[in-house]
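A.B. asks: The structure is given below, and queries will be raised subsequently.
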Amino acid sequence: MTMTDLPTSKLNTNYASRRTFAIISHPDAGKTTLTEKLLLASGAIHLAGHVRARGERRRTRSDWMEIEQKRGISVTSSVMTFERDGVVFNLLDTPGHSDFSEDTYRTLSAVDAAVMVIDAAKGIEAQTRKLFEVCRLRDIPIITYINKIDREGLDPLELMDAISSGLALDLTPVTWPIGMGTDFRGVIDITRKQVLMPEGGRGGTQGQPIAFDDVSEIGAKTGIEDRILEPALEGLELASGLLPAFDLDSFREGHLSPVFFGSALKEFSVAQLLQGLGDWAPGPLPRAATTRTVTADESAVSGFVFKVQANMDPNHRDRVAFLRLCSGRFKRGMKLFNAREGKMMTIAAPIFFFAQERETVDEAVAGDIIGVPNHGTLRVGDTLTEGEKLTFEGIPSFAPEMLRRVMLDDPMKAKQLQKALNDMAEEGVTQVFKPMLGSQPIVGVVGPLQLDVLASRLVGEYGVPVRYETAPYVTARWVAGDKADVTRFLDLNRSSCGEDRDGALVFLARNAWALDQAIKDFPSLKFLAVRERS
Ligand code: G4P
């Protein structure tokens, strides 16, 4: 099936019903499992195992995904849209590996809420904290899902205390575990006054709710032994006394996080989490742009590209730009204005990404993510509007922490290399710098795995084998300031300067001392570690 003969989608077109969110977690906390179970709970898929199965299929279709297979990690973000009870969920997947944090950060710029998955035995881990901080920068509301309570874990109250103090975030429990590990008997849904126990006995998945009016009835109604129930209820009572009650405003401002204790594997608190997202997470939020703030209720269409993925279908050397709509009602065939290029483009065959298939978009609204097939006209960070000249802010490029010279075995392939690197840079796989002196391009990445992906894709997709040589630089900084000062800086430091693909001046620092010295010598200039796309 090609991109043009996909079935068309019939989603409701009420923008307020959109919940666009990501799941953030440390690798292994259970993001993939939870994603799958959320799709299952929503009715988007009918059998567990689809997310992985789908991944496997995709992997076999594309050479460079060999790396995913070999390393057992996911390096690409994807989008999954599903509808339940009139709420349209757009789940943006983020790669968990820290080397791909740049991609993850950009994905987080496109969401309005996040689910933070924490392993009950481990508490906050490094990657959770990093991603949480990114969400906090934008005050994104966060729902916490404490996973794997069917295994031995830390005491629930201690866990909440550690998360709350570790992240300086207020927490309030929504579901509470009755025992953990071998003592796990189920969860209490506090607001709905229900107990959820494993179906068919221990080890089962979440069964039908058992209602109660007062917690004192739970023992008699469920038959759970006192030895396990009593400490659970004591913990809950303490938590209720110590922790704030749920408050929607406080949640939406990013100060208070509702907490679900659950087991993704056994489907505990998954349907509850989905309900919570539908009820509490905000619809599409206002977005800051260069000239003004854009709100979801505006009639004119606007959106920005947060990801470009190439060769999703090797039969068609296509690229798909993932466009997050921020306002208006998009219709297929619309002409939109790309401020960077100063050109209009027709969006002829936009795609929705559902769990099991892609469908053609007839209409989409703020909050939606649509795929726009193109041949390289759209880049990460591009803004599309109906004509207004504005650019959405907050889609960052980070200063790379590893810089390498790209060496060709076959010098005849210099042109292909240039094109391939340019494509990879547009996709956000790497940053590419052209040194002021010398001809070998320099690539900059956040982590070493990104270099492997790059080399593998250059061979697999462009037939260009490359080697890397260590470049004598430790980091890159974008240089900004008064034009005369920038020129003076460039004249004195030509051998340590380069340009990024937009022609912006970059200082390639040989060591930390050189960077310090440059900052001291040129106090009027800024040496930026993050550059926002313009
Ligand atoms: P990730 O995407 O965050 O990296 O985590 P993923 O869902 O892949 O889960 C990591 C491991 O934790 C998997 O086990 C998964 O089955 C397990 N897991 C996830 N949620 C739960 C849970 O609620 N309870 C328990 N007991 N385990 C859970 P694995 O052995 O690494 O993989 P697999 O062979 O089971 O697929």
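Scheme for the structure tokens: letters A, B, ... for chains in order shown; per-chain residue numbers from 1; ligand numbers from 1 in order shown.
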Which residues are close to A:Arg185, i.e. within 9 Å by only C-alpha atoms, leaving aside same-chain residues fewer than 3 positions away? Reply as a list in words.
C.D. replies: Asp150, Pro177, Ile178, Gly179, Met180, Thr182, Leu196, Met197, Pro198, Gly201, Arg202, Ile224, Ile228 and Leu229 of chain A
A.B. asks: How close does each residue of chain A get to ligand 1, giving the shortest atom pair and distance in Å to one decimal for every residue with an atom at most 6 Å away, counting only C-alpha atoms and all ligand atoms, sorted by chain and residue number, as CSV?
C.D. replies:
```
residue,atom,partner,partner_atom_place_in_ligand_line,distance
A:Pro27,CA,ligand 1,4 (O),4.0
A:Asp28,CA,ligand 1,4 (O),3.3
A:Ala29,CA,ligand 1,3 (O),4.1
A:Gly30,CA,ligand 1,7 (O),3.3
A:Lys31,CA,ligand 1,3 (O),3.7
A:Thr32,CA,ligand 1,2 (O),3.6
A:Thr33,CA,ligand 1,7 (O),3.7
A:Asn147,CA,ligand 1,23 (O),5.2
A:Lys148,CA,ligand 1,23 (O),3.5
A:Asp150,CA,ligand 1,24 (N),5.6
A:Arg151,CA,ligand 1,26 (N),5.3
A:Ser263,CA,ligand 1,23 (O),3.3
A:Ala264,CA,ligand 1,23 (O),3.9
A:Leu265,CA,ligand 1,23 (O),4.0
A:Lys266,CA,ligand 1,23 (O),5.9
```
A.B. asks: From the list A:Glu152, A:Met80, A:Ala310, A:Arg19, which residue is nearest A:Phe353 when using only C-alpha atoms?
C.D. replies: A:Met80
A.B. asks: Take atom CA of A:Lys307 and atom CA of A:Leu277 and report the distance between them in Å, one decimal.
C.D. replies: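 According to the coordinates, atom CA of A:Lys307 and atom CA of A:Leu277 are separated by 24.0 Å.
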A.B. asks: Please determine, counting only C-alpha atoms, which residue among A:Gly428, A:Gly276, A:Pro435, A:Gly444 has the shortest atom-to-atom distance to A:Ser496.
C.D. replies: A:Pro435
A.B. asks: Which residues come within 9 Å of A:Leu167, counting only C-alpha atoms, excluding same-chain residues fewer than 3 positions away, as a PDB file with N, CA and C atoms, in the first residue's frame?
C.D. replies:
```pdb
ATOM      1  N   ILE A 124      13.199   6.872  41.506  1.00  0.00           N
ATOM      2  CA  ILE A 124      13.628   7.759  40.414  1.00  0.00           C
ATOM      3  C   ILE A 124      14.984   7.291  39.911  1.00  0.00           C
ATOM      4  N   ARG A 129      14.794  11.464  35.787  1.00  0.00           N
ATOM      5  CA  ARG A 129      15.017  12.796  36.323  1.00  0.00           C
ATOM      6  C   ARG A 129      15.276  13.804  35.200  1.00  0.00           C
ATOM      7  N   PHE A 132      12.105  14.447  33.327  1.00  0.00           N
ATOM      8  CA  PHE A 132      11.203  15.210  34.179  1.00  0.00           C
ATOM      9  C   PHE A 132      11.588  16.696  34.138  1.00  0.00           C
ATOM     10  N   GLU A 133      12.885  16.969  34.213  1.00  0.00           N
ATOM     11  CA  GLU A 133      13.346  18.366  34.208  1.00  0.00           C
ATOM     12  C   GLU A 133      12.934  19.071  32.910  1.00  0.00           C
ATOM     13  N   ALA A 162      10.181   9.747  48.470  1.00  0.00           N
ATOM     14  CA  ALA A 162      11.439   9.907  47.734  1.00  0.00           C
ATOM     15  C   ALA A 162      11.202  10.638  46.405  1.00  0.00           C
ATOM     16  N   ILE A 163      10.109  10.305  45.725  1.00  0.00           N
ATOM     17  CA  ILE A 163       9.826  10.958  44.434  1.00  0.00           C
ATOM     18  C   ILE A 163       9.504  12.432  44.667  1.00  0.00           C
ATOM     19  N   SER A 164       8.654  12.650  45.685  1.00  0.00           N
ATOM     20  CA  SER A 164       8.220  14.009  45.966  1.00  0.00           C
ATOM     21  C   SER A 164       9.400  14.912  46.338  1.00  0.00           C
ATOM     22  N   ASP A 170       4.652  17.853  44.254  1.00  0.00           N
ATOM     23  CA  ASP A 170       3.618  17.316  45.143  1.00  0.00           C
ATOM     24  C   ASP A 170       2.979  16.092  44.506  1.00  0.00           C
TER      25      ASP A 170
END
```
A.B. asks: Based on the backbone DSSP call, show me all residues of stretch 345-462 of chain A assigned helix (DSSP H, G or I), as an MDAnalysis selection string.
C.D. replies: chainID A and resid 411:427 448:462
A.B. asks: Selection from above, C-alpha atoms, as a short mmCIF file (atom, residue, chain, number, x, y, z; two decimals), in the first residue's frame, can you write it?
C.D. replies:
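Output saved as again.cif:
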```cif
data_model
loop_
_atom_site.label_atom_id
_atom_site.label_comp_id
_atom_site.auth_asym_id
_atom_site.auth_seq_id
_atom_site.Cartn_x
_atom_site.Cartn_y
_atom_site.Cartn_z
CA PRO A 411 36.81 10.18 -2.32
CA MET A 412 34.53 9.97 -5.36
CA LYS A 413 31.61 9.79 -2.97
CA ALA A 414 32.10 13.24 -1.46
CA LYS A 415 28.96 14.57 -3.09
CA GLN A 416 26.79 11.68 -1.93
CA LEU A 417 28.21 12.10 1.55
CA GLN A 418 27.33 15.75 1.59
CA LYS A 419 23.75 15.03 0.57
CA ALA A 420 23.43 12.14 3.00
CA LEU A 421 24.77 14.18 5.92
CA ASN A 422 22.47 17.00 5.03
CA ASP A 423 19.50 14.60 5.04
CA MET A 424 20.59 13.15 8.37
CA ALA A 425 20.95 16.62 9.85
CA GLU A 426 17.49 17.57 8.64
CA GLU A 427 16.13 14.49 10.29
CA PRO A 448 28.26 7.38 20.80
CA LEU A 449 25.31 5.23 19.77
CA GLN A 450 24.18 8.03 17.49
CA LEU A 451 27.49 7.67 15.59
CA ASP A 452 26.79 3.98 15.00
CA VAL A 453 23.31 4.73 13.73
CA LEU A 454 24.69 7.41 11.43
CA ALA A 455 27.40 5.16 9.94
CA SER A 456 24.95 2.31 9.49
CA ARG A 457 22.44 4.50 7.72
CA LEU A 458 25.05 6.12 5.49
CA VAL A 459 26.02 2.69 4.17
CA GLY A 460 22.56 1.14 4.17
CA GLU A 461 20.60 3.98 2.64
CA TYR A 462 23.14 5.98 0.66
#
```
A.B. asks: Any idea what's packed within 9 Å of A:Met407, counting only C-alpha atoms, ignoring anything in its chain fewer than 3 positions away? Could you give it as a list in words?
C.D. replies: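 Selected residues are Asp410, Pro411, Gln440, Pro441, Pro465, Val466, Arg467, Tyr468 and Glu469 of chain A.
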A.B. asks: Report as number ranges by chain all protein, DNA and RNA residues lying within 10 Å of A:Ala211, evaluated on only C-alpha atoms, omitting residues in the same chain fewer than 5 positions from it.
C.D. replies: A: 188-189, 192-196, 217-218, 221-222
A.B. asks: Give the answer as one residue: which of A:Phe261, A:Asp226, A:Ile23, A:Thr35 has the shortest atom-to-atom distance to A:Leu131, using only C-alpha atoms?
C.D. replies: A:Ile23
A.B. asks: Using only C-alpha atoms, determine which residues lie at most 10 Å from A:Lys130, disregarding the query and same-chain residues fewer than 3 positions distant; provide the list as an MDAnalysis selection string.
C.D. replies: chainID A and resid 24:26 98 101 105 125:127 133:136
A.B. asks: Can you list every residue in stretch 237-386 of chain A that DSSP puts in strand (DSSP E or B), as number ranges by chain?
C.D. replies: A: 256-261, 263, 268, 287-289, 293-294, 302-310, 319-327, 329-331, 335-338, 343-346, 351-354, 358-360, 363-365, 369-374, 383-385
A.B. asks: Looking at A:Gly498, A:Ala366, A:Met344, A:Thr104, which one is nearest to A:Val446, with distances taken over only C-alpha atoms?
C.D. replies: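 Of the candidates, the smallest distance to A:Val446 is held by A:Thr104.
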A.B. asks: Calculate how many Å separate atom CA of A:Thr391 from atom CA of A:Ala114, rounding to one decimal.
C.D. replies: 24.1 Å
A.B. asks: For A:Glu499, please output as a ChimeraX atom specification all residues within 8 Å (counting only C-alpha atoms; exclusion window: fewer than 3 positions along the same chain).
C.D. replies: /A:433-436,502-506
A.B. asks: Just how far from atom CA of A:Gln517 is atom CA of A:Val432, in Å to one decimal?
C.D. replies: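 Here the two named atoms are 24.6 Å from each other.
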A.B. asks: My list of candidates is A:Ala289, A:Ala41, A:Leu108, A:Leu384. Which is closest to A:Lys335 when distances are computed with only C-alpha atoms?
C.D. replies: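 Ranking A:Ala289, A:Ala41, A:Leu108, A:Leu384 by distance to A:Lys335, first place goes to A:Leu384.
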